[in-house]
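Reviewing the structure listed below.
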Amino acid sequence: MKAEVLQAPNIGNKVRAISNVPQSVWADLCKNMLKRMRDRVSMGKDHNNRSFKEYAPSTAAKKREIGRGAVVNLNDRGTMIKSLDYTTTSRYGEMFLGAEKHIGYKHQKGIGVPRREWFGYTKKSAEATREEFRKYLRRALAK
């Protein structure tokens, strides 16, 4: 199964002003985006910043019974969050979600569970990433 890919936001023509963006810059951007995504998911919000669909009553009851609560934050054993990763080149950074076997993919696509589209970033997160990249550009162009 092909991995789902999310590219860093389009920053515009300024990117072309620097021919070789260090991979470490893309890595930093991706790490920060992943952190924002994990933080948002832990608060029970999807990539549109809306609350996740509730757990089925039986699932909620089981979670309360074992002391995990019924808050829908998609973090039961950490499998989903651990399925996030990124790769970089000198031209871009990509975040991706592991293949179908990961629970995160199943929630994203609604395979056997309600569809809960958590993989992605909000407008606020995208703007924060753009601003981080703009700061890099300003520093690089000032040299």
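Naming works like this for the structure tokens: A, B, ... for the chains as they're shown, residue 1 at the start of each chain, ligands 1 onward in shown order.
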
* Skip stretch 45-61 of chain A itself and residues of its chain fewer than 3 positions away, then list as JSON, numbers by chain all residues within 9 Å of it, counting only C-alpha atoms. => {"A": [37, 40, 41, 42, 64, 65, 66, 69, 70, 71, 72, 73, 74, 114, 115, 116, 117, 118, 119, 120, 121, 122, 123]}

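Nearest-residue note for A:Leu29: choosing from A:Asp85, A:Glu127, A:Asp76, A:Glu132, the minimum distance belongs to A:Glu132, counting only C-alpha atoms.
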
If you count only C-alpha atoms, which residues fall within 8 Å of A:Ser90, apart from same-chain ones fewer than 5 positions away, as a PDB file with N, CA and C atoms, in the first residue's frame?
```
ATOM      1  N   ASN A  20      20.143  25.912  -2.729  1.00  0.00           N
ATOM      2  CA  ASN A  20      20.397  24.726  -1.924  1.00  0.00           C
ATOM      3  C   ASN A  20      19.987  24.942  -0.479  1.00  0.00           C
ATOM      4  N   VAL A  21      18.741  24.697  -0.179  1.00  0.00           N
ATOM      5  CA  VAL A  21      18.280  24.787   1.201  1.00  0.00           C
ATOM      6  C   VAL A  21      18.821  23.551   1.920  1.00  0.00           C
ATOM      7  N   PRO A  22      19.535  23.731   3.016  1.00  0.00           N
ATOM      8  CA  PRO A  22      20.073  22.563   3.726  1.00  0.00           C
ATOM      9  C   PRO A  22      18.963  21.623   4.178  1.00  0.00           C
ATOM     10  N   GLN A  23      19.233  20.339   4.103  1.00  0.00           N
ATOM     11  CA  GLN A  23      18.252  19.361   4.548  1.00  0.00           C
ATOM     12  C   GLN A  23      17.881  19.584   6.007  1.00  0.00           C
ATOM     13  N   TRP A  26      14.760  21.717   6.221  1.00  0.00           N
ATOM     14  CA  TRP A  26      13.545  20.960   5.952  1.00  0.00           C
ATOM     15  C   TRP A  26      13.234  20.016   7.115  1.00  0.00           C
TER      16      TRP A  26
END
```

* Picked from stretch 6-132 of chain A by DSSP as strand (DSSP E), as a list in words -> Leu6, Gln7, Leu84, Asp85, Tyr86, Thr87, Thr88, Gly93, Glu94, Met95, Phe96 and Leu97 of chain A

Next, the residues of the selection above should be written as a PDB file, in the first residue's frame with C-alpha atoms.
```pdb
ATOM      1  CA  LEU A   6       2.109  15.539   2.732  1.00  0.00           C
ATOM      2  CA  GLN A   7       4.493  18.114   1.287  1.00  0.00           C
ATOM      3  CA  LEU A  84       4.282   9.536  11.450  1.00  0.00           C
ATOM      4  CA  ASP A  85       7.645  10.222   9.899  1.00  0.00           C
ATOM      5  CA  TYR A  86       9.303  12.547   7.437  1.00  0.00           C
ATOM      6  CA  THR A  87      11.957  12.593   4.772  1.00  0.00           C
ATOM      7  CA  THR A  88      13.937  15.481   3.352  1.00  0.00           C
ATOM      8  CA  GLY A  93      10.470  18.023   3.214  1.00  0.00           C
ATOM      9  CA  GLU A  94       7.678  15.453   3.244  1.00  0.00           C
ATOM     10  CA  MET A  95       5.747  14.035   6.144  1.00  0.00           C
ATOM     11  CA  PHE A  96       4.114  10.674   5.666  1.00  0.00           C
ATOM     12  CA  LEU A  97       1.860   8.205   7.351  1.00  0.00           C
TER      13      LEU A  97
END
```

Per residue of stretch 71-98 of chain A within 8 Å of stretch 103-109 of chain A, note the shortest atom pair and the distance in Å to one decimal, counting only C-alpha atoms, and order the rows by chain and increasing residue number, as a tab-separated table.
```
residue	atom	partner	partner_atom	distance
A:Thr79	CA	A:Ile103	CA	6.7
A:Met80	CA	A:Gly104	CA	4.3
A:Ile81	CA	A:Gly104	CA	7.2
A:Ser83	CA	A:Gly104	CA	7.0
A:Leu97	CA	A:Tyr105	CA	6.8
A:Gly98	CA	A:Tyr105	CA	7.0
```

* To do: Please indicate the distance in Å from atom CA of A:Thr89 to atom CA of A:Asp39, rounded to one decimal place.
  => 25.6 Å

* DSSP on the backbone: what in stretch 30-139 of chain A comes out helix (DSSP H, G or I), as a PyMOL selection string? -> chain A and resi 30-42+57-65+79-82+103-109+123-139

* **Pairwise distance for atom CA of A:Ala128 and atom CA of A:Lys31, rounded to one decimal in Å** => 12.6 Å

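Going from atom CA of A:Lys82 to atom CA of A:Gly112 covers 19.9 Å.
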